[in-house]
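Peer 1: Dropping a structure here in structure tokens format, bear with me for questions.
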Amino acid sequence: MPKGANQKLKLYYLSRIMTEKTDDDHCITMAEIQEYLEGYGVTADRKSIYDDIEALRVLGIDVIGEKQGRNFVYHVGEKQFEIAELKLLVDAIQSSKFITERKSNDLIKKLTGLASDYEARQLKRQVVVQGRVKTMNESIYYIVDDIHNAISNNRQIRFEYLRWNLDKEMEPRKDHPYEVSPWALMWDDENYYLIAYDTVEGKIKHYRVDKMRKIELTEAKRVGRELFREFDMAKYARMNFGMFGGEEVRVKLEFENELIGVLLDRFGKDIPVRKATTEGWSETSVDVALSDQFLGWIFSLGSGIRIAGPEEVVARFARELASVSEMYR
């Protein structure tokens, strides 16, 4: 049998054929394998393909051969990612605001390459990225990489932090760069955040990664290690509504029993729940970052919830309600 033009790449092309053309529901015969190889400019007899299939198994590709009717067929069984796992990753990429539309499509295209052609069609049917509100910061991959490098090398970072202006352009919030000690990256409300220690203010703060620009690693070592030894990432996310910070305070909330699911979804199952004096109502106490966003969340739940303490928080909420009411008179 004459040799094909790409004979040296036979094993590579065979691995592509098996992963792209087969899965648990789709098998191919030896004759079809040979035909696909010829399409890549590779010729091979059956015996050499048997040897190559065994080599693929040694390399970790789960090639299964079995009798199906009159034919002996082959397919790849267990893969690096199951189709359900790939769908989950595609959904996460689609819903992520911090990944640009172009990068989302690039990532999803790479993920489809991990599935067979038949499975890839299921992933492509899920791709509805067009029109979503997503970041416009194309350099976010490199920003995240710089942050990881700073954390790994125990270095502080310097960066510009941006905001939108009325001309729909991003501009620096300050006329000088921010300098902080980066300690962690966190995902919340479909956005990516840097959790860092601000030496000037002496506290933990967070920053939207897609609004950071011109990251520089400084020569200074990170500070704030003692605080982060005790840092609870999940608690921090629960306290900061929409990641808007504020003074930490413990509030007492009274709510209609039907809202128990809303409270547990927001604050977790560990919150204390007690029977309130009002029939059909319960109460709890939770730690929150007191912000307009927290008060807005309370307002969104209507008359089914009320802040019962402390008094200064109740008074602030009452003032906010009066101020908003005055605007519509």
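Going through the structure tokens in order, the chains are called A, B, and so on, while each chain numbers its residues from 1 and the ligands are numbered from 1 in the order shown.
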Mind checking DSSP for range 158-312 of chain A and telling me the helix (DSSP H, G or I) residues as a PDB file with N, CA and C atoms, in the first residue's frame?
Peer 2:
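The new file result.pdb reads:
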```pdb
ATOM      1  N   VAL A 209     -12.729  43.595  38.375  1.00  0.00           N
ATOM      2  CA  VAL A 209     -11.547  43.338  37.559  1.00  0.00           C
ATOM      3  C   VAL A 209     -11.667  43.963  36.169  1.00  0.00           C
ATOM      4  N   ASP A 210     -12.874  43.952  35.585  1.00  0.00           N
ATOM      5  CA  ASP A 210     -13.018  44.501  34.234  1.00  0.00           C
ATOM      6  C   ASP A 210     -12.917  46.023  34.208  1.00  0.00           C
ATOM      7  N   LYS A 211     -12.842  46.665  35.397  1.00  0.00           N
ATOM      8  CA  LYS A 211     -12.672  48.120  35.452  1.00  0.00           C
ATOM      9  C   LYS A 211     -11.252  48.513  35.872  1.00  0.00           C
ATOM     10  N   ARG A 225      -1.725  40.044  55.787  1.00  0.00           N
ATOM     11  CA  ARG A 225      -1.821  38.589  55.897  1.00  0.00           C
ATOM     12  C   ARG A 225      -2.647  38.149  57.110  1.00  0.00           C
ATOM     13  N   GLU A 226      -2.503  38.877  58.218  1.00  0.00           N
ATOM     14  CA  GLU A 226      -3.215  38.485  59.442  1.00  0.00           C
ATOM     15  C   GLU A 226      -4.737  38.534  59.240  1.00  0.00           C
ATOM     16  N   LEU A 227      -5.206  39.574  58.541  1.00  0.00           N
ATOM     17  CA  LEU A 227      -6.642  39.698  58.291  1.00  0.00           C
ATOM     18  C   LEU A 227      -7.141  38.564  57.401  1.00  0.00           C
ATOM     19  N   PHE A 228      -6.351  38.180  56.422  1.00  0.00           N
ATOM     20  CA  PHE A 228      -6.811  37.171  55.473  1.00  0.00           C
ATOM     21  C   PHE A 228      -6.724  35.753  56.016  1.00  0.00           C
ATOM     22  N   ARG A 229      -6.003  35.557  57.102  1.00  0.00           N
ATOM     23  CA  ARG A 229      -6.020  34.242  57.744  1.00  0.00           C
ATOM     24  C   ARG A 229      -7.412  33.926  58.268  1.00  0.00           C
ATOM     25  N   MET A 233     -14.584  34.229  52.614  1.00  0.00           N
ATOM     26  CA  MET A 233     -14.998  34.753  51.318  1.00  0.00           C
ATOM     27  C   MET A 233     -16.514  34.705  51.146  1.00  0.00           C
ATOM     28  N   ALA A 234     -17.130  33.590  51.553  1.00  0.00           N
ATOM     29  CA  ALA A 234     -18.580  33.441  51.386  1.00  0.00           C
ATOM     30  C   ALA A 234     -19.339  34.468  52.231  1.00  0.00           C
ATOM     31  N   LYS A 235     -18.889  34.684  53.458  1.00  0.00           N
ATOM     32  CA  LYS A 235     -19.528  35.665  54.333  1.00  0.00           C
ATOM     33  C   LYS A 235     -19.384  37.070  53.760  1.00  0.00           C
ATOM     34  N   TYR A 236     -18.219  37.367  53.212  1.00  0.00           N
ATOM     35  CA  TYR A 236     -17.975  38.681  52.619  1.00  0.00           C
ATOM     36  C   TYR A 236     -18.944  38.944  51.467  1.00  0.00           C
ATOM     37  N   ALA A 237     -19.165  37.925  50.625  1.00  0.00           N
ATOM     38  CA  ALA A 237     -20.089  38.071  49.488  1.00  0.00           C
ATOM     39  C   ALA A 237     -21.523  38.263  49.966  1.00  0.00           C
ATOM     40  N   ARG A 238     -21.913  37.545  51.026  1.00  0.00           N
ATOM     41  CA  ARG A 238     -23.280  37.678  51.543  1.00  0.00           C
ATOM     42  C   ARG A 238     -23.531  39.066  52.116  1.00  0.00           C
ATOM     43  N   MET A 239     -22.523  39.625  52.756  1.00  0.00           N
ATOM     44  CA  MET A 239     -22.682  40.918  53.423  1.00  0.00           C
ATOM     45  C   MET A 239     -22.773  42.076  52.442  1.00  0.00           C
ATOM     46  N   PHE A 241     -24.011  43.580  49.347  1.00  0.00           N
ATOM     47  CA  PHE A 241     -25.056  43.436  48.342  1.00  0.00           C
ATOM     48  C   PHE A 241     -24.597  44.016  47.018  1.00  0.00           C
ATOM     49  N   GLY A 242     -24.565  43.146  45.962  1.00  0.00           N
ATOM     50  CA  GLY A 242     -24.078  43.590  44.671  1.00  0.00           C
ATOM     51  C   GLY A 242     -22.633  44.045  44.758  1.00  0.00           C
ATOM     52  N   MET A 243     -21.925  43.587  45.786  1.00  0.00           N
ATOM     53  CA  MET A 243     -20.534  43.959  46.059  1.00  0.00           C
ATOM     54  C   MET A 243     -20.370  45.466  46.286  1.00  0.00           C
ATOM     55  N   ASN A 257     -43.450  34.420  57.016  1.00  0.00           N
ATOM     56  CA  ASN A 257     -42.881  33.076  56.914  1.00  0.00           C
ATOM     57  C   ASN A 257     -42.661  32.628  55.472  1.00  0.00           C
ATOM     58  N   GLU A 258     -43.491  33.128  54.556  1.00  0.00           N
ATOM     59  CA  GLU A 258     -43.361  32.721  53.151  1.00  0.00           C
ATOM     60  C   GLU A 258     -42.037  33.185  52.532  1.00  0.00           C
ATOM     61  N   LEU A 259     -41.379  34.159  53.164  1.00  0.00           N
ATOM     62  CA  LEU A 259     -40.128  34.683  52.622  1.00  0.00           C
ATOM     63  C   LEU A 259     -38.887  33.953  53.146  1.00  0.00           C
ATOM     64  N   ILE A 260     -39.078  32.866  53.893  1.00  0.00           N
ATOM     65  CA  ILE A 260     -37.937  32.166  54.472  1.00  0.00           C
ATOM     66  C   ILE A 260     -36.947  31.723  53.392  1.00  0.00           C
ATOM     67  N   GLY A 261     -37.446  31.290  52.232  1.00  0.00           N
ATOM     68  CA  GLY A 261     -36.564  30.854  51.148  1.00  0.00           C
ATOM     69  C   GLY A 261     -35.688  31.983  50.640  1.00  0.00           C
ATOM     70  N   VAL A 262     -36.248  33.190  50.552  1.00  0.00           N
ATOM     71  CA  VAL A 262     -35.485  34.359  50.098  1.00  0.00           C
ATOM     72  C   VAL A 262     -34.339  34.645  51.066  1.00  0.00           C
ATOM     73  N   LEU A 263     -34.621  34.560  52.355  1.00  0.00           N
ATOM     74  CA  LEU A 263     -33.594  34.830  53.367  1.00  0.00           C
ATOM     75  C   LEU A 263     -32.491  33.774  53.338  1.00  0.00           C
ATOM     76  N   LEU A 264     -32.884  32.498  53.211  1.00  0.00           N
ATOM     77  CA  LEU A 264     -31.894  31.423  53.184  1.00  0.00           C
ATOM     78  C   LEU A 264     -31.051  31.478  51.917  1.00  0.00           C
ATOM     79  N   ASP A 265     -31.680  31.823  50.784  1.00  0.00           N
ATOM     80  CA  ASP A 265     -30.915  31.958  49.538  1.00  0.00           C
ATOM     81  C   ASP A 265     -29.883  33.067  49.640  1.00  0.00           C
ATOM     82  N   ARG A 266     -30.231  34.142  50.336  1.00  0.00           N
ATOM     83  CA  ARG A 266     -29.340  35.293  50.440  1.00  0.00           C
ATOM     84  C   ARG A 266     -28.243  35.096  51.484  1.00  0.00           C
ATOM     85  N   PHE A 267     -28.605  34.587  52.676  1.00  0.00           N
ATOM     86  CA  PHE A 267     -27.675  34.559  53.800  1.00  0.00           C
ATOM     87  C   PHE A 267     -27.198  33.163  54.194  1.00  0.00           C
ATOM     88  N   ASP A 292     -26.837  51.531  50.342  1.00  0.00           N
ATOM     89  CA  ASP A 292     -28.106  51.785  49.660  1.00  0.00           C
ATOM     90  C   ASP A 292     -28.610  50.526  48.970  1.00  0.00           C
ATOM     91  N   GLN A 293     -27.689  49.680  48.524  1.00  0.00           N
ATOM     92  CA  GLN A 293     -28.073  48.460  47.834  1.00  0.00           C
ATOM     93  C   GLN A 293     -28.778  47.489  48.784  1.00  0.00           C
ATOM     94  N   PHE A 294     -28.299  47.422  50.045  1.00  0.00           N
ATOM     95  CA  PHE A 294     -28.987  46.580  51.022  1.00  0.00           C
ATOM     96  C   PHE A 294     -30.387  47.120  51.301  1.00  0.00           C
ATOM     97  N   LEU A 295     -30.486  48.432  51.491  1.00  0.00           N
ATOM     98  CA  LEU A 295     -31.801  49.020  51.752  1.00  0.00           C
ATOM     99  C   LEU A 295     -32.732  48.833  50.554  1.00  0.00           C
ATOM    100  N   GLY A 296     -32.160  48.911  49.340  1.00  0.00           N
ATOM    101  CA  GLY A 296     -32.958  48.677  48.138  1.00  0.00           C
ATOM    102  C   GLY A 296     -33.471  47.252  48.077  1.00  0.00           C
ATOM    103  N   TRP A 297     -32.652  46.307  48.536  1.00  0.00           N
ATOM    104  CA  TRP A 297     -33.077  44.902  48.572  1.00  0.00           C
ATOM    105  C   TRP A 297     -34.252  44.727  49.538  1.00  0.00           C
ATOM    106  N   ILE A 298     -34.167  45.367  50.707  1.00  0.00           N
ATOM    107  CA  ILE A 298     -35.274  45.312  51.662  1.00  0.00           C
ATOM    108  C   ILE A 298     -36.538  45.900  51.025  1.00  0.00           C
ATOM    109  N   PHE A 299     -36.391  47.040  50.356  1.00  0.00           N
ATOM    110  CA  PHE A 299     -37.537  47.695  49.730  1.00  0.00           C
ATOM    111  C   PHE A 299     -38.165  46.805  48.658  1.00  0.00           C
ATOM    112  N   SER A 300     -37.321  46.047  47.924  1.00  0.00           N
ATOM    113  CA  SER A 300     -37.824  45.209  46.834  1.00  0.00           C
ATOM    114  C   SER A 300     -38.722  44.084  47.335  1.00  0.00           C
ATOM    115  N   GLY A 302     -40.970  44.474  49.609  1.00  0.00           N
ATOM    116  CA  GLY A 302     -42.267  45.051  49.952  1.00  0.00           C
ATOM    117  C   GLY A 302     -42.612  44.952  51.430  1.00  0.00           C
ATOM    118  N   SER A 303     -43.904  44.791  51.678  1.00  0.00           N
ATOM    119  CA  SER A 303     -44.393  44.804  53.065  1.00  0.00           C
ATOM    120  C   SER A 303     -44.204  43.473  53.779  1.00  0.00           C
ATOM    121  N   GLY A 304     -43.542  42.514  53.111  1.00  0.00           N
ATOM    122  CA  GLY A 304     -43.344  41.207  53.736  1.00  0.00           C
ATOM    123  C   GLY A 304     -42.120  41.137  54.623  1.00  0.00           C
ATOM    124  N   GLU A 311     -31.772  50.711  65.949  1.00  0.00           N
ATOM    125  CA  GLU A 311     -32.597  51.896  65.715  1.00  0.00           C
ATOM    126  C   GLU A 311     -32.022  52.823  64.650  1.00  0.00           C
ATOM    127  N   GLU A 312     -30.673  52.957  64.628  1.00  0.00           N
ATOM    128  CA  GLU A 312     -30.076  53.868  63.662  1.00  0.00           C
ATOM    129  C   GLU A 312     -30.271  53.376  62.220  1.00  0.00           C
TER     130      GLU A 312
END
```
Peer 1: List the neighbours of range 305-310 of chain A out to 8 Å using only C-alpha atoms; skip same-chain residues closer than 3 positions along the sequence, and give me the result as a ChimeraX atom specification.
Peer 2: /A:250-256,298,301-302,313-314
Peer 1: Export, as an mmCIF file, in the first residue's frame, the selected residues with C-alpha atoms.
Peer 2:
```cif
data_model
loop_
_atom_site.group_PDB
_atom_site.id
_atom_site.type_symbol
_atom_site.label_atom_id
_atom_site.label_comp_id
_atom_site.auth_asym_id
_atom_site.auth_seq_id
_atom_site.Cartn_x
_atom_site.Cartn_y
_atom_site.Cartn_z
ATOM 1 C CA ARG A 250 -25.743 43.267 62.514
ATOM 2 C CA VAL A 251 -29.402 43.892 61.689
ATOM 3 C CA LYS A 252 -32.531 42.260 62.993
ATOM 4 C CA LEU A 253 -35.077 41.430 60.301
ATOM 5 C CA GLU A 254 -38.693 40.404 60.757
ATOM 6 C CA PHE A 255 -40.377 38.715 57.796
ATOM 7 C CA GLU A 256 -43.460 36.818 56.696
ATOM 8 C CA ILE A 298 -35.274 45.312 51.662
ATOM 9 C CA LEU A 301 -39.416 42.656 49.175
ATOM 10 C CA GLY A 302 -42.267 45.051 49.952
ATOM 11 C CA VAL A 313 -30.576 51.505 60.711
ATOM 12 C CA VAL A 314 -34.369 51.738 61.044
#
```
Peer 1: CA of Ile64 in chain A and CA of Ala120 in chain A are how many Å apart?
Peer 2: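 Pair CA of Ile64 in chain A / CA of Ala120 in chain A returns 20.5 Å.
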Peer 1: Record the distance separating CA of Tyr74 in chain A and CA of Asp52 in chain A, expressed in Å with one decimal.
Peer 2: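 One can read the CA of Tyr74 in chain A to CA of Asp52 in chain A distance as 12.8 Å.
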Peer 1: Considering only C-alpha atoms, can you say which of A:Asp270, A:Asp91, A:Asp198, A:Asp24 comes closest to Trp183 in chain A?
Peer 2: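 Ranking A:Asp270, A:Asp91, A:Asp198, A:Asp24 by distance to Trp183 in chain A, first place goes to A:Asp198.
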Peer 1: What is the CA of Ile143 in chain A-CA of Val223 in chain A distance in Å, reported with one decimal?
Peer 2: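 CA of Ile143 in chain A sits 20.6 Å away from CA of Val223 in chain A.
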Peer 1: Between A:Val249, A:Leu162, A:Ala84, A:Val73, which has the minimum distance to Pro177 in chain A (counting only C-alpha atoms)?
Peer 2: A:Leu162
